[in-house]
file entry_22.csv (CSV, C-alpha atoms)
chain,number,residue,atom,x,y,z
P,29,MET,CA,0.4,22.2,14.7
P,30,PRO,CA,0.6,18.4,14.8
P,31,PRO,CA,-1.1,16.7,11.8
P,32,ILE,CA,-3.8,14.2,12.5
P,33,ILE,CA,-6.1,11.9,10.5
P,34,ILE,CA,-9.7,12.7,11.4
P,35,GLY,CA,-11.8,10.9,8.8
P,36,VAL,CA,-11.5,7.8,6.6
P,37,ALA,CA,-13.8,5.8,4.4
P,38,ASP,CA,-13.9,3.0,1.9
P,39,ILE,CA,-16.4,2.4,-0.9
P,40,ARG,CA,-17.0,-1.0,-2.5
P,41,ASN,CA,-19.3,-1.2,-5.4
P,42,ARG,CA,-20.1,-4.9,-5.7
P,43,SER,CA,-23.2,-4.5,-7.8
P,44,VAL,CA,-23.1,-5.9,-11.4
P,45,LYS,CA,-26.2,-4.1,-12.5
P,46,VAL,CA,-25.7,-1.6,-15.3
P,47,GLU,CA,-27.8,1.0,-13.5
P,48,ASP,CA,-25.4,0.8,-10.5
P,49,ALA,CA,-22.2,1.4,-12.6
P,50,LYS,CA,-20.1,4.2,-11.3
P,51,GLU,CA,-16.9,5.8,-12.6
P,52,PRO,CA,-13.9,6.3,-10.4
P,53,ALA,CA,-14.6,9.9,-9.8
P,54,THR,CA,-18.1,9.1,-8.5
P,55,LEU,CA,-16.6,6.4,-6.1
P,56,MET,CA,-14.0,8.9,-4.9
P,57,LEU,CA,-16.6,11.5,-4.2
P,58,GLU,CA,-18.6,9.0,-2.2
P,59,ALA,CA,-15.4,8.1,-0.3
P,60,ILE,CA,-14.6,11.7,0.5
P,61,GLN,CA,-18.1,12.3,1.7
P,62,GLY,CA,-17.9,9.2,3.8
P,63,ALA,CA,-14.6,10.4,5.4
P,64,ILE,CA,-16.2,13.8,6.1
P,65,ASN,CA,-19.1,12.1,7.9
P,66,ASP,CA,-16.7,9.8,9.7
P,67,ALA,CA,-14.9,12.8,11.1
P,68,THR,CA,-17.9,14.8,12.2
P,69,SER,CA,-21.0,14.4,14.3
P,70,SER,CA,-23.3,17.0,12.7
P,71,ALA,CA,-24.3,18.1,9.3
P,72,GLU,CA,-23.2,21.7,10.2
P,73,THR,CA,-19.7,20.6,11.2
P,74,ALA,CA,-19.5,18.4,8.1
P,75,GLN,CA,-20.3,21.3,5.8
P,76,VAL,CA,-17.7,23.6,7.6
P,77,LEU,CA,-15.1,20.9,7.2
P,78,GLN,CA,-15.9,20.4,3.5
P,79,ASN,CA,-15.7,24.1,2.9
P,80,SER,CA,-12.3,24.2,4.6
P,81,ILE,CA,-10.7,21.7,2.2
P,82,ASP,CA,-7.6,23.5,0.7
P,83,SER,CA,-5.7,20.5,-0.5
P,84,ILE,CA,-6.8,17.6,-2.7
P,85,SER,CA,-4.3,14.8,-3.7
P,86,VAL,CA,-5.5,12.0,-5.9
P,87,VAL,CA,-3.8,8.7,-6.6
P,88,ARG,CA,-3.5,8.3,-10.4
P,89,THR,CA,-6.1,5.8,-11.8
P,90,TRP,CA,-5.5,3.0,-14.2
P,91,THR,CA,-9.0,2.4,-15.5
P,92,TRP,CA,-10.4,5.9,-16.5
P,93,PRO,CA,-8.6,8.8,-18.2
P,94,TYR,CA,-9.3,12.3,-16.7
P,95,ARG,CA,-8.1,15.6,-18.0
P,96,ASP,CA,-8.0,17.1,-14.4
P,97,LEU,CA,-9.3,14.7,-11.8
P,98,PRO,CA,-8.4,16.9,-8.7
P,99,GLY,CA,-10.1,19.8,-10.4
P,100,LEU,CA,-13.2,17.7,-11.2
P,101,LEU,CA,-13.4,16.5,-7.6
P,102,SER,CA,-12.9,20.1,-6.3
P,103,GLN,CA,-15.7,21.3,-8.5
P,104,GLU,CA,-18.1,18.6,-7.3
P,105,LEU,CA,-17.2,19.4,-3.7
P,106,GLY,CA,-17.7,23.1,-4.2
P,107,VAL,CA,-14.2,24.0,-3.1
P,108,ASN,CA,-11.2,25.7,-4.6
P,109,PRO,CA,-8.1,24.2,-3.0
P,110,GLN,CA,-4.8,25.9,-3.3
P,111,HIS,CA,-3.0,22.5,-3.5
P,112,ARG,CA,-4.1,20.1,-6.2
P,113,LEU,CA,-2.1,17.0,-7.1
P,114,TYR,CA,-2.7,14.1,-9.5
P,115,SER,CA,0.1,11.7,-8.5
P,116,ASP,CA,2.5,9.7,-10.6
P,117,HIS,CA,1.7,6.0,-11.1
P,118,GLY,CA,2.9,3.7,-8.3
P,119,GLY,CA,1.4,1.8,-5.3
P,120,ASN,CA,3.7,3.8,-3.1
P,121,GLN,CA,1.7,6.9,-3.7
P,122,PRO,CA,-1.0,6.7,-1.0
P,123,ALA,CA,1.7,6.6,1.8
P,124,LYS,CA,3.7,9.3,0.0
P,125,LEU,CA,0.8,11.6,-0.4
P,126,LEU,CA,-0.2,11.3,3.3
P,127,ASP,CA,3.4,11.9,4.3
P,128,GLU,CA,3.5,15.1,2.2
P,129,ALA,CA,0.1,16.3,3.4
P,130,ALA,CA,1.2,15.8,7.0
P,131,THR,CA,4.3,17.9,6.4
P,132,ARG,CA,2.3,20.7,4.8
P,133,ILE,CA,-0.1,20.7,7.8
P,134,GLU,CA,2.8,20.8,10.3
P,135,LYS,CA,4.3,23.8,8.4
P,136,GLY,CA,0.9,25.6,8.3
P,137,GLU,CA,0.8,25.4,4.5
P,138,THR,CA,-2.5,23.3,4.5
P,139,LYS,CA,-5.5,23.5,6.7
P,140,VAL,CA,-7.6,20.5,5.6
P,141,ALA,CA,-6.1,17.9,3.2
P,142,VAL,CA,-8.1,15.2,1.3
P,143,LEU,CA,-6.4,12.1,-0.1
P,144,THR,CA,-8.3,9.8,-2.3
P,145,GLY,CA,-8.1,7.2,-5.1
P,146,GLY,CA,-10.1,4.5,-6.7
P,147,GLU,CA,-10.8,2.3,-9.7
P,148,ALA,CA,-13.9,1.1,-11.6
P,149,LEU,CA,-13.8,-1.9,-13.9
P,150,ALA,CA,-16.3,-4.6,-13.0
P,151,SER,CA,-14.4,-7.6,-11.7
P,152,TYR,CA,-15.2,-11.2,-11.6
P,153,PRO,CA,-15.2,-13.7,-8.7
P,154,LEU,CA,-12.3,-15.9,-9.8
P,155,LEU,CA,-10.0,-16.6,-6.8
P,156,MET,CA,-7.3,-18.2,-8.9
P,157,ASN,CA,-6.7,-15.0,-10.9
P,158,ALA,CA,-6.6,-12.0,-8.6
P,159,PHE,CA,-7.8,-8.8,-10.2
P,160,ASN,CA,-6.2,-5.4,-9.5
P,161,THR,CA,-8.8,-3.1,-11.1
P,162,VAL,CA,-11.8,-3.8,-8.9
P,163,ASN,CA,-14.5,-1.3,-8.1
P,164,LEU,CA,-13.0,0.2,-5.0
P,165,SER,CA,-12.3,3.7,-3.6
P,166,SER,CA,-11.1,5.2,-0.4
P,167,ALA,CA,-10.4,8.6,1.1
P,168,CYS,CA,-8.5,10.0,4.1
P,169,ILE,CA,-8.8,13.5,5.6
P,170,LEU,CA,-6.1,15.2,7.6
P,171,THR,CA,-6.0,18.5,9.5
P,172,SER,CA,-4.2,19.9,12.5
P,173,THR,CA,-5.0,19.2,16.2
P,174,GLU,CA,-5.8,23.0,16.5
P,175,TYR,CA,-8.4,23.1,13.7
P,176,ALA,CA,-9.9,19.7,14.8
P,177,THR,CA,-10.4,21.2,18.3
P,178,GLN,CA,-11.9,24.4,16.8
P,179,LEU,CA,-14.4,22.2,14.8
P,180,GLY,CA,-15.2,20.2,17.9
P,181,ILE,CA,-14.0,16.9,16.4
P,182,SER,CA,-13.7,14.4,19.2
P,183,SER,CA,-10.1,13.5,20.0
P,184,ASP,CA,-11.1,9.8,19.9
P,185,ARG,CA,-11.2,10.2,16.1
P,186,TRP,CA,-7.7,11.5,16.0
P,187,ILE,CA,-4.8,9.3,14.7
P,188,TYR,CA,-1.3,10.8,14.5
P,189,PRO,CA,1.0,10.3,11.5
P,190,LEU,CA,4.4,10.1,13.2
P,191,GLY,CA,6.7,10.0,10.2
P,192,GLY,CA,7.4,8.5,6.8
P,193,ALA,CA,10.2,7.8,4.3
P,194,GLY,CA,10.4,6.7,0.7
P,195,PHE,CA,13.1,5.5,-1.7
P,196,SER,CA,13.1,4.2,-5.3
P,197,GLU,CA,15.2,1.7,-7.1
P,198,ARG,CA,16.5,2.2,-10.6
P,199,ASP,CA,13.8,1.5,-13.2
P,200,ASN,CA,15.8,-1.0,-15.2
P,201,PHE,CA,16.1,-4.1,-13.1
P,202,TRP,CA,19.5,-5.0,-14.5
P,203,ASP,CA,20.8,-1.7,-13.1
P,204,ARG,CA,20.0,-2.6,-9.5
P,205,PRO,CA,22.7,-3.6,-6.9
P,206,ASN,CA,21.5,-7.2,-6.5
P,207,PHE,CA,18.4,-9.4,-6.8
P,208,PHE,CA,18.1,-10.9,-3.3
P,209,GLU,CA,17.0,-7.7,-1.4
P,210,SER,CA,15.5,-4.3,-2.0
P,211,SER,CA,17.6,-1.5,-0.6
P,212,ALA,CA,14.7,0.9,-1.2
P,213,ILE,CA,12.5,-1.3,1.1
P,214,SER,CA,15.2,-1.5,3.8
P,215,LYS,CA,16.0,2.2,3.8
P,216,SER,CA,12.3,3.2,3.7
P,217,LEU,CA,11.5,1.1,6.7
P,218,ASP,CA,14.6,2.1,8.7
P,219,ILE,CA,14.3,5.8,8.2
P,220,CYS,CA,10.6,5.8,8.7
P,221,LEU,CA,11.0,4.1,12.1
P,222,GLU,CA,13.9,6.4,13.0
P,223,ARG,CA,12.0,9.6,12.1
P,224,SER,CA,8.9,8.3,13.9
P,225,HIS,CA,11.0,7.7,17.0
P,226,LEU,CA,9.8,4.1,17.2
P,227,ALA,CA,11.6,0.8,17.5
P,228,LEU,CA,10.3,-2.4,15.9
P,229,ASP,CA,9.0,-3.6,19.3
P,230,ASP,CA,6.8,-0.6,19.5
P,231,ILE,CA,4.8,-1.7,16.4
P,232,ASP,CA,1.5,-3.4,17.1
P,233,LEU,CA,0.0,-3.4,13.6
P,234,TYR,CA,1.5,-4.0,10.2
P,235,ASP,CA,0.3,-3.7,6.7
P,236,LEU,CA,3.2,-4.7,4.4
P,237,TYR,CA,2.0,-4.3,0.9
P,238,SER,CA,1.0,-7.8,0.0
P,239,CYS,CA,-0.3,-7.8,-3.6
P,240,PHE,CA,3.0,-9.5,-4.5
P,241,PRO,CA,4.5,-12.0,-2.0
P,242,ILE,CA,8.0,-10.9,-2.6
P,243,VAL,CA,7.3,-7.5,-1.0
P,244,PRO,CA,6.4,-8.7,2.6
P,245,LYS,CA,9.0,-11.4,2.3
P,246,LEU,CA,11.8,-8.9,1.7
P,247,ALA,CA,10.4,-6.5,4.3
P,248,CYS,CA,10.2,-9.3,6.9
P,249,HIS,CA,13.7,-10.5,6.2
P,250,HIS,CA,15.0,-7.0,6.7
P,251,LEU,CA,13.0,-6.5,9.9
P,252,GLY,CA,13.7,-9.9,11.3
P,253,LEU,CA,10.0,-11.0,11.3
P,254,SER,CA,8.9,-14.5,10.8
P,255,ILE,CA,7.1,-15.0,7.5
P,256,ILE,CA,5.7,-18.5,8.3
P,257,GLU,CA,4.6,-17.9,11.9
P,258,PRO,CA,4.5,-14.2,12.5
P,259,GLN,CA,3.6,-13.1,16.0
P,260,LYS,CA,1.4,-10.3,14.5
P,261,PRO,CA,-0.4,-10.4,11.2
P,262,LEU,CA,1.7,-8.9,8.4
P,263,SER,CA,-1.4,-7.4,6.5
P,264,LEU,CA,-4.6,-5.8,7.6
P,265,LEU,CA,-6.1,-6.3,4.2
P,266,GLY,CA,-5.1,-9.7,3.0
P,267,GLY,CA,-3.4,-8.9,-0.3
P,268,LEU,CA,-4.6,-8.8,-3.9
P,269,THR,CA,-6.1,-12.3,-3.7
P,270,SER,CA,-8.2,-11.8,-0.5
P,271,PHE,CA,-8.9,-8.1,-0.7
P,272,GLY,CA,-8.6,-7.0,-4.3
P,273,GLY,CA,-6.5,-4.1,-5.3
P,274,ALA,CA,-7.6,-0.7,-6.4
P,275,GLY,CA,-4.7,-0.2,-8.8
P,276,ASN,CA,-2.2,2.3,-7.3
P,277,ASN,CA,-4.6,3.0,-4.4
P,278,TYR,CA,-4.2,-0.3,-2.6
P,279,SER,CA,-2.4,1.1,0.4
P,280,MET,CA,-4.9,3.9,0.9
P,281,HIS,CA,-7.2,1.1,2.1
P,282,ALA,CA,-4.4,0.0,4.5
P,283,ILE,CA,-4.3,3.6,5.9
P,284,THR,CA,-8.1,3.6,6.4
P,285,GLU,CA,-8.2,0.2,8.0
P,286,MET,CA,-5.2,0.9,10.3
P,287,THR,CA,-6.9,4.2,11.3
P,288,ARG,CA,-10.0,2.3,12.4
P,289,GLN,CA,-8.0,-0.3,14.3
P,290,LEU,CA,-5.9,2.2,16.1
P,291,ARG,CA,-9.0,4.2,17.1
P,292,ASP,CA,-10.2,1.3,19.4
P,293,ARG,CA,-7.0,1.9,21.4
P,294,SER,CA,-6.2,-1.8,21.7
P,295,SER,CA,-3.2,-1.1,19.5
P,296,ARG,CA,-0.9,1.9,19.8
P,297,ASN,CA,1.4,2.1,16.7
P,298,GLY,CA,1.2,0.8,13.2
P,299,LEU,CA,3.6,0.5,10.3
P,300,ILE,CA,2.6,0.6,6.6
P,301,LEU,CA,4.8,-0.2,3.7
P,302,ALA,CA,3.5,0.7,0.2
P,303,ASN,CA,5.1,-0.7,-2.9
P,304,GLY,CA,5.0,0.4,-6.5
P,305,GLY,CA,6.3,-1.0,-9.8
P,306,ILE,CA,8.6,-4.0,-9.9
P,307,LEU,CA,9.9,-3.4,-6.4
P,308,SER,CA,10.6,0.0,-7.9
P,309,TYR,CA,9.1,2.6,-5.5
P,310,GLN,CA,8.6,2.3,-1.7
P,311,HIS,CA,7.1,4.5,1.0
P,312,ALA,CA,6.8,3.6,4.6
P,313,LEU,CA,4.6,5.3,7.2
P,314,CYS,CA,4.0,5.1,10.9
P,315,LEU,CA,0.6,5.9,12.5
P,316,SER,CA,-0.2,6.1,16.2
P,317,SER,CA,-3.1,6.5,18.5
P,318,GLN,CA,-0.9,8.4,20.8
P,319,ALA,CA,0.2,12.0,20.3
P,320,PRO,CA,4.0,12.6,19.7
P,321,GLN,CA,6.1,13.9,22.5
P,322,LYS,CA,5.4,17.6,23.1
P,323,GLY,CA,7.5,19.8,21.0
P,324,ARG,CA,8.4,17.0,18.5
P,325,LEU,CA,7.6,18.2,14.9
P,326,TYR,CA,6.5,16.0,12.0
P,327,PRO,CA,9.6,15.2,10.0
P,328,ASP,CA,10.0,17.1,6.7
P,329,ASN,CA,11.1,14.6,4.0
P,330,ARG,CA,11.1,17.1,1.1
P,331,SER,CA,14.9,17.3,1.2
P,332,LEU,CA,15.4,13.5,1.4
P,333,SER,CA,17.0,12.0,-1.7
P,334,LEU,CA,14.5,9.5,-3.0
P,335,LEU,CA,16.7,7.4,-5.3
P,336,ASN,CA,18.6,4.5,-3.9
P,337,VAL,CA,22.3,5.3,-4.7
P,338,ASP,CA,23.9,2.0,-3.9
P,339,MET,CA,26.6,1.0,-6.3
P,340,THR,CA,25.6,-1.1,-9.3
P,341,PRO,CA,27.8,-3.2,-11.6
P,342,SER,CA,28.5,-2.2,-15.2
P,343,VAL,CA,26.4,-4.0,-17.8
P,344,ASP,CA,27.9,-5.6,-20.9
P,345,PHE,CA,25.3,-6.0,-23.5
P,346,GLU,CA,27.8,-8.1,-25.5
P,347,ALA,CA,29.4,-10.5,-23.1
P,348,GLU,CA,31.9,-13.3,-23.5
P,349,GLY,CA,33.8,-15.6,-21.1
P,350,LYS,CA,33.4,-17.6,-18.0
P,351,ALA,CA,30.2,-16.5,-16.2
P,352,ILE,CA,28.2,-17.0,-13.0
P,353,ILE,CA,24.4,-17.0,-12.8
P,354,GLU,CA,23.1,-14.2,-10.6
P,355,THR,CA,19.4,-14.8,-11.1
P,356,TYR,CA,17.1,-16.3,-13.8
P,357,THR,CA,13.6,-17.1,-14.7
P,358,ILE,CA,12.0,-19.6,-17.1
P,359,GLU,CA,9.2,-19.0,-19.6
P,360,PHE,CA,6.9,-22.1,-20.1
P,361,THR,CA,4.6,-23.1,-22.9
P,362,ARG,CA,0.9,-23.6,-22.2
P,363,ASP,CA,1.4,-27.3,-21.9
P,364,GLY,CA,4.0,-26.9,-19.1
P,365,ASN,CA,7.2,-27.4,-21.0
P,366,PRO,CA,10.1,-25.0,-20.6
P,367,LEU,CA,10.4,-22.7,-23.6
P,368,ARG,CA,13.1,-20.2,-22.9
P,369,ALA,CA,15.4,-19.0,-20.1
P,370,TYR,CA,16.2,-15.5,-19.2
P,371,ILE,CA,19.5,-15.2,-17.3
P,372,VAL,CA,21.2,-12.4,-15.5
P,373,GLY,CA,24.8,-13.1,-14.6
P,374,ARG,CA,28.2,-11.8,-13.9
P,375,ILE,CA,31.4,-12.2,-16.0
P,376,ALA,CA,33.9,-13.9,-13.9
P,377,ASP,CA,36.9,-11.8,-14.9
P,378,THR,CA,35.3,-8.3,-14.6
P,379,ASN,CA,32.3,-8.9,-12.4
P,380,HIS,CA,30.3,-7.0,-15.1
P,381,ARG,CA,26.7,-8.0,-15.4
P,382,PHE,CA,25.1,-9.5,-18.6
P,383,LEU,CA,21.7,-10.6,-19.9
P,384,ALA,CA,21.3,-13.8,-21.8
P,385,ASN,CA,19.1,-16.6,-23.1
P,386,GLU,CA,20.1,-20.3,-22.8
P,387,SER,CA,22.3,-21.6,-25.6
P,388,ASP,CA,21.2,-25.2,-25.6
P,389,GLN,CA,18.4,-27.5,-24.6
P,390,ALA,CA,20.5,-29.1,-21.8
P,391,THR,CA,21.0,-25.8,-20.1
P,392,LEU,CA,17.3,-25.0,-20.4
P,393,LEU,CA,16.3,-28.4,-18.8
P,394,ARG,CA,18.8,-28.0,-16.0
P,395,LEU,CA,17.6,-24.5,-15.2
P,396,SER,CA,13.9,-25.7,-15.1
P,397,SER,CA,14.4,-29.0,-13.4
P,398,MET,CA,14.3,-27.8,-9.7
P,399,GLU,CA,16.7,-30.6,-8.9
P,400,GLU,CA,19.6,-28.2,-8.2
P,401,GLU,CA,20.0,-24.5,-7.4
P,402,PRO,CA,21.3,-22.8,-10.5
P,403,ILE,CA,22.1,-19.5,-8.8
P,404,GLY,CA,25.9,-19.3,-8.4
P,405,LYS,CA,26.5,-22.0,-11.0
P,406,THR,CA,29.2,-21.2,-13.5
P,407,GLY,CA,29.1,-21.5,-17.3
P,408,PHE,CA,30.1,-19.7,-20.4
P,409,VAL,CA,28.5,-16.7,-22.1
P,410,SER,CA,29.1,-15.3,-25.6
P,411,PRO,CA,27.2,-13.2,-28.2
P,412,ASP,CA,24.8,-15.0,-30.5
P,413,PRO,CA,26.4,-14.5,-33.9
P,414,GLU,CA,23.0,-14.7,-35.7
P,415,GLY,CA,20.7,-13.2,-33.1
P,416,GLU,CA,16.9,-13.8,-33.0
P,417,ARG,CA,14.7,-12.1,-35.5
P,418,GLY,CA,17.7,-9.9,-36.4
P,419,GLN,CA,18.3,-8.8,-32.9
P,420,ARG,CA,21.6,-9.4,-31.1
P,421,ARG,CA,21.6,-11.2,-27.8
P,422,ASN,CA,23.9,-13.2,-25.5
P,423,LEU,CA,23.7,-17.0,-25.0
P,424,PHE,CA,24.7,-18.8,-21.8
P,425,SER,CA,25.6,-22.5,-21.3
P,426,LEU,CA,26.0,-24.4,-18.1
P,427,ASP,CA,28.6,-26.4,-20.0
P,428,SER,CA,31.6,-24.2,-19.3
P,429,SER,CA,33.6,-26.0,-22.1
P,430,SER,CA,31.1,-24.8,-24.7
P,431,LYS,CA,32.3,-22.1,-27.0
P,432,LEU,CA,28.8,-21.7,-28.5
call {"tool": "encode", "arguments": {"input": "entry_22.csv", "output": "structure tokens"}}
result
Amino acid sequence: MPPIIIGVADIRNRSVKVEDAKEPATLMLEAIQGAINDATSSAETAQVLQNSIDSISVVRTWTWPYRDLPGLLSQELGVNPQHRLYSDHGGNQPAKLLDEAATRIEKGETKVAVLTGGEALASYPLLMNAFNTVNLSSACILTSTEYATQLGISSDRWIYPLGGAGFSERDNFWDRPNFFESSAISKSLDICLERSHLALDDIDLYDLYSCFPIVPKLACHHLGLSIIEPQKPLSLLGGLTSFGGAGNNYSMHAITEMTRQLRDRSSRNGLILANGGILSYQHALCLSSQAPQKGRLYPDNRSLSLLNVDMTPSVDFEAEGKAIIETYTIEFTRDGNPLRAYIVGRIADTNHRFLANESDQATLLRLSSMEEEPIGKTGFVSPDPEGERGQRRNLFSLDSSSKL
């Protein structure tokens, strides 16, 4: 029974009047009702579809605490779904939940699945400071082609999930293989396309999670897409600055928008990449306006190892010797002067990784000058004999002759 998306909806509560204030659960219920209405053409069919809901998956909220949000939504909808899930935190969750729901429908474990999420914390119109807890909610409803036909839902509403894949990096950034790519992004995209039986040339629409510029940049580098002059837009939403971001639920809005654009049949296939954490969690998803080849089942990812297992270097928390800068960042004061450097590097003799601050003002100024590329530069690292506020740390100098 091929899984299909039959209904989608977005809710935007732009009012700043107190009497119009709504909590996330209220916005989600409105989005679910909107998705039901989007799928059906009569009140009778809408009620039958609502009564058939046997799965509710909710993207975890940032702004409001709930003891049992899937249970609360079920109660308000008047249903008692067998499958209820309140997700972990992470912007990868919308794509992950849809992938899982599609698998359950394919296996006959779920009849009608509802995915939803949203946030409510009145935002402000300040373009320079994008806000990720705006008053937004969205919902998506999936079922099988068989049940949609039984309900009389027109096939022009159907959008087919073809496949998905997700991987995670290690939570500690210093335990990752390198800092110039994301293996989790690369693997998620590659395996998603492979399991969807699509090549990159088959993709007409993209929504590469764009709340943080580094995510679409790394995805484009891996896929071989131009960032400066892409042949096709890289986002349907426009990122955190232009669209806003409903916390972890950002990419659910990408799913709803891609569904709408695929329905007009001017595009055939779409690719979504959903990111969570600090490039920590990834999930990719392919949607299509065309049914998969007859006999081709939706891929089951439940046995797929989600953790990126690429080899990582050992970390020396007390390091000494000739060293090479692997990556770094600078903390500035409010008046624009460099305050402190944070350096991740490799010890030349062992290739072990270390973390350090700068040891001297000259190193700090060179790192923040932008007149040279510090990555790959050599220097010297050693433990700080006194530490800062009683805590031990390493110090790095670009003057390799310095013994600190």
call {"tool": "closest_residue", "arguments": {"input": "entry_22.csv", "among": "P:Val44, P:Ala390, P:Leu423, P:Leu143", "to": "P:His281", "atoms": "only C-alpha atoms"}}
result
P:Leu143
call {"tool": "residues_around", "arguments": {"input": "entry_22.csv", "residues": "stretch 219-227 of chain P", "least_positions_apart": "3", "cutoff": "8 Å", "atoms": "only C-alpha atoms", "output": "NGL selection string"}}
result
:P and (190-193 or 215-216 or 230-231 or 312-314 or 327)
call {"tool": "write_last_selection", "arguments": {"input": "entry_22.csv", "atoms": "C-alpha atoms", "output": "mmCIF file, keeping the file's coordinate frame"}}
result
data_model
loop_
_atom_site.group_PDB
_atom_site.id
_atom_site.type_symbol
_atom_site.label_atom_id
_atom_site.label_comp_id
_atom_site.auth_asym_id
_atom_site.auth_seq_id
_atom_site.Cartn_x
_atom_site.Cartn_y
_atom_site.Cartn_z
ATOM 1 C CA LEU P 190 4.400 10.100 13.200
ATOM 2 C CA GLY P 191 6.700 10.000 10.200
ATOM 3 C CA GLY P 192 7.400 8.500 6.800
ATOM 4 C CA ALA P 193 10.200 7.800 4.300
ATOM 5 C CA LYS P 215 16.000 2.200 3.800
ATOM 6 C CA SER P 216 12.300 3.200 3.700
ATOM 7 C CA ASP P 230 6.800 -0.600 19.500
ATOM 8 C CA ILE P 231 4.800 -1.700 16.400
ATOM 9 C CA ALA P 312 6.800 3.600 4.600
ATOM 10 C CA LEU P 313 4.600 5.300 7.200
ATOM 11 C CA CYS P 314 4.000 5.100 10.900
ATOM 12 C CA PRO P 327 9.600 15.200 10.000
#
call {"tool": "closest_residue", "arguments": {"input": "entry_22.csv", "among": "P:Leu149, P:Ile403, P:Ile181, P:Ile242", "to": "P:Thr73", "atoms": "all atoms listed in the file"}}
result
P:Ile181
call {"tool": "residues_around", "arguments": {"input": "entry_22.csv", "residues": "stretch 87-93 of chain P", "least_positions_apart": "2", "cutoff": "7 Å", "atoms": "all atoms listed in the file", "output": "mmCIF file with C-alpha atoms, keeping the file's coordinate frame"}}
result
data_model
loop_
_atom_site.group_PDB
_atom_site.id
_atom_site.type_symbol
_atom_site.label_atom_id
_atom_site.label_comp_id
_atom_site.auth_asym_id
_atom_site.auth_seq_id
_atom_site.Cartn_x
_atom_site.Cartn_y
_atom_site.Cartn_z
ATOM 1 C CA SER P 85 -4.300 14.800 -3.700
ATOM 2 C CA ARG P 95 -8.100 15.600 -18.000
ATOM 3 C CA TYR P 114 -2.700 14.100 -9.500
ATOM 4 C CA SER P 115 0.100 11.700 -8.500
ATOM 5 C CA ASP P 116 2.500 9.700 -10.600
ATOM 6 C CA HIS P 117 1.700 6.000 -11.100
ATOM 7 C CA GLN P 121 1.700 6.900 -3.700
ATOM 8 C CA PRO P 122 -1.000 6.700 -1.000
ATOM 9 C CA THR P 144 -8.300 9.800 -2.300
ATOM 10 C CA GLY P 145 -8.100 7.200 -5.100
ATOM 11 C CA GLY P 146 -10.100 4.500 -6.700
ATOM 12 C CA GLU P 147 -10.800 2.300 -9.700
ATOM 13 C CA ALA P 148 -13.900 1.100 -11.600
ATOM 14 C CA LEU P 149 -13.800 -1.900 -13.900
ATOM 15 C CA GLY P 275 -4.700 -0.200 -8.800
ATOM 16 C CA ASN P 276 -2.200 2.300 -7.300
ATOM 17 C CA ASN P 277 -4.600 3.000 -4.400
#
call {"tool": "atom_distance", "arguments": {"input": "entry_22.csv", "atom1": "atom CA of P:Lys260", "atom2": "atom CA of P:Ser214"}}
result
19.6 Å
call {"tool": "closest_residue", "arguments": {"input": "entry_22.csv", "among": "P:Val343, P:Ala176, P:Leu264, P:Leu392", "to": "P:Gly35", "atoms": "only C-alpha atoms"}}
result
P:Ala176
call {"tool": "residues_around", "arguments": {"input": "entry_22.csv", "residues": "P:Pro261", "least_positions_apart": "4", "cutoff": "12 Å", "atoms": "all atoms listed in the file", "output": "MDAnalysis selection string"}}
result
chainID P and resid 231:236 238 244 248 253:257 265:267 298:299
call {"tool": "atom_distance", "arguments": {"input": "entry_22.csv", "atom1": "atom CA of P:Leu383", "atom2": "atom CA of P:Glu197"}}
result
18.9 Å
call {"tool": "closest_residue", "arguments": {"input": "entry_22.csv", "among": "P:Thr355, P:Asn206, P:Asn79, P:Ser316", "to": "P:Gln103", "atoms": "all atoms listed in the file"}}
result
P:Asn79
call {"tool": "closest_residue", "arguments": {"input": "entry_22.csv", "among": "P:Asn65, P:Asn329, P:Asn422, P:Thr287", "to": "P:Ser317", "atoms": "only C-alpha atoms"}}
result
P:Thr287
call {"tool": "atom_distance", "arguments": {"input": "entry_22.csv", "atom1": "atom CA of P:Ile353", "atom2": "atom CA of P:Gly373"}}
result
4.3 Å
call {"tool": "residues_around", "arguments": {"input": "entry_22.csv", "residues": "stretch 359-369 of chain P", "least_positions_apart": "5", "cutoff": "7 Å", "atoms": "all atoms listed in the file", "output": "PyMOL selection string"}}
result
chain P and resi 385-386+392+396
call {"tool": "closest_residue", "arguments": {"input": "entry_22.csv", "among": "P:Pro258, P:Gly323, P:Pro189, P:Pro205", "to": "P:Thr340", "atoms": "all atoms listed in the file"}}
result
P:Pro205
call {"tool": "residues_near_point", "arguments": {"input": "entry_22.csv", "point": "(-3.9, 14.9, 2.6)", "cutoff": "7 Å", "atoms": "all atoms listed in the file", "output": "list in words"}}
result
Ser83, Ile84, Ser85, Leu125, Leu126, Ala129, Ala130, Ala141, Val142, Leu143, Cys168, Ile169 and Leu170 of chain P
call {"tool": "residues_around", "arguments": {"input": "entry_22.csv", "residues": "P:Ala123", "least_positions_apart": "6", "cutoff": "8 Å", "atoms": "only C-alpha atoms", "output": "ChimeraX atom specification"}}
result
/P:192,279-280,283,300-302,311-313
call {"tool": "decode", "arguments": {"input": "entry_22.csv", "residues": "stretch 43-54 of chain P", "atoms": "C-alpha atoms", "output": "short mmCIF file (atom, residue, chain, number, x, y, z; two decimals), in the first residue's frame"}}
result
data_model
loop_
_atom_site.label_atom_id
_atom_site.label_comp_id
_atom_site.auth_asym_id
_atom_site.auth_seq_id
_atom_site.Cartn_x
_atom_site.Cartn_y
_atom_site.Cartn_z
CA SER P 43 -1.96 39.26 15.32
CA VAL P 44 -0.39 41.04 18.28
CA LYS P 45 -3.72 41.47 20.07
CA VAL P 46 -3.93 39.74 23.43
CA GLU P 47 -7.35 38.34 22.61
CA ASP P 48 -5.86 36.60 19.56
CA ALA P 49 -3.05 34.91 21.49
CA LYS P 50 -2.96 31.14 20.98
CA GLU P 51 -0.75 28.47 22.48
CA PRO P 52 1.09 25.96 20.26
CA ALA P 53 -1.48 23.20 20.79
CA THR P 54 -4.24 25.48 19.52
#
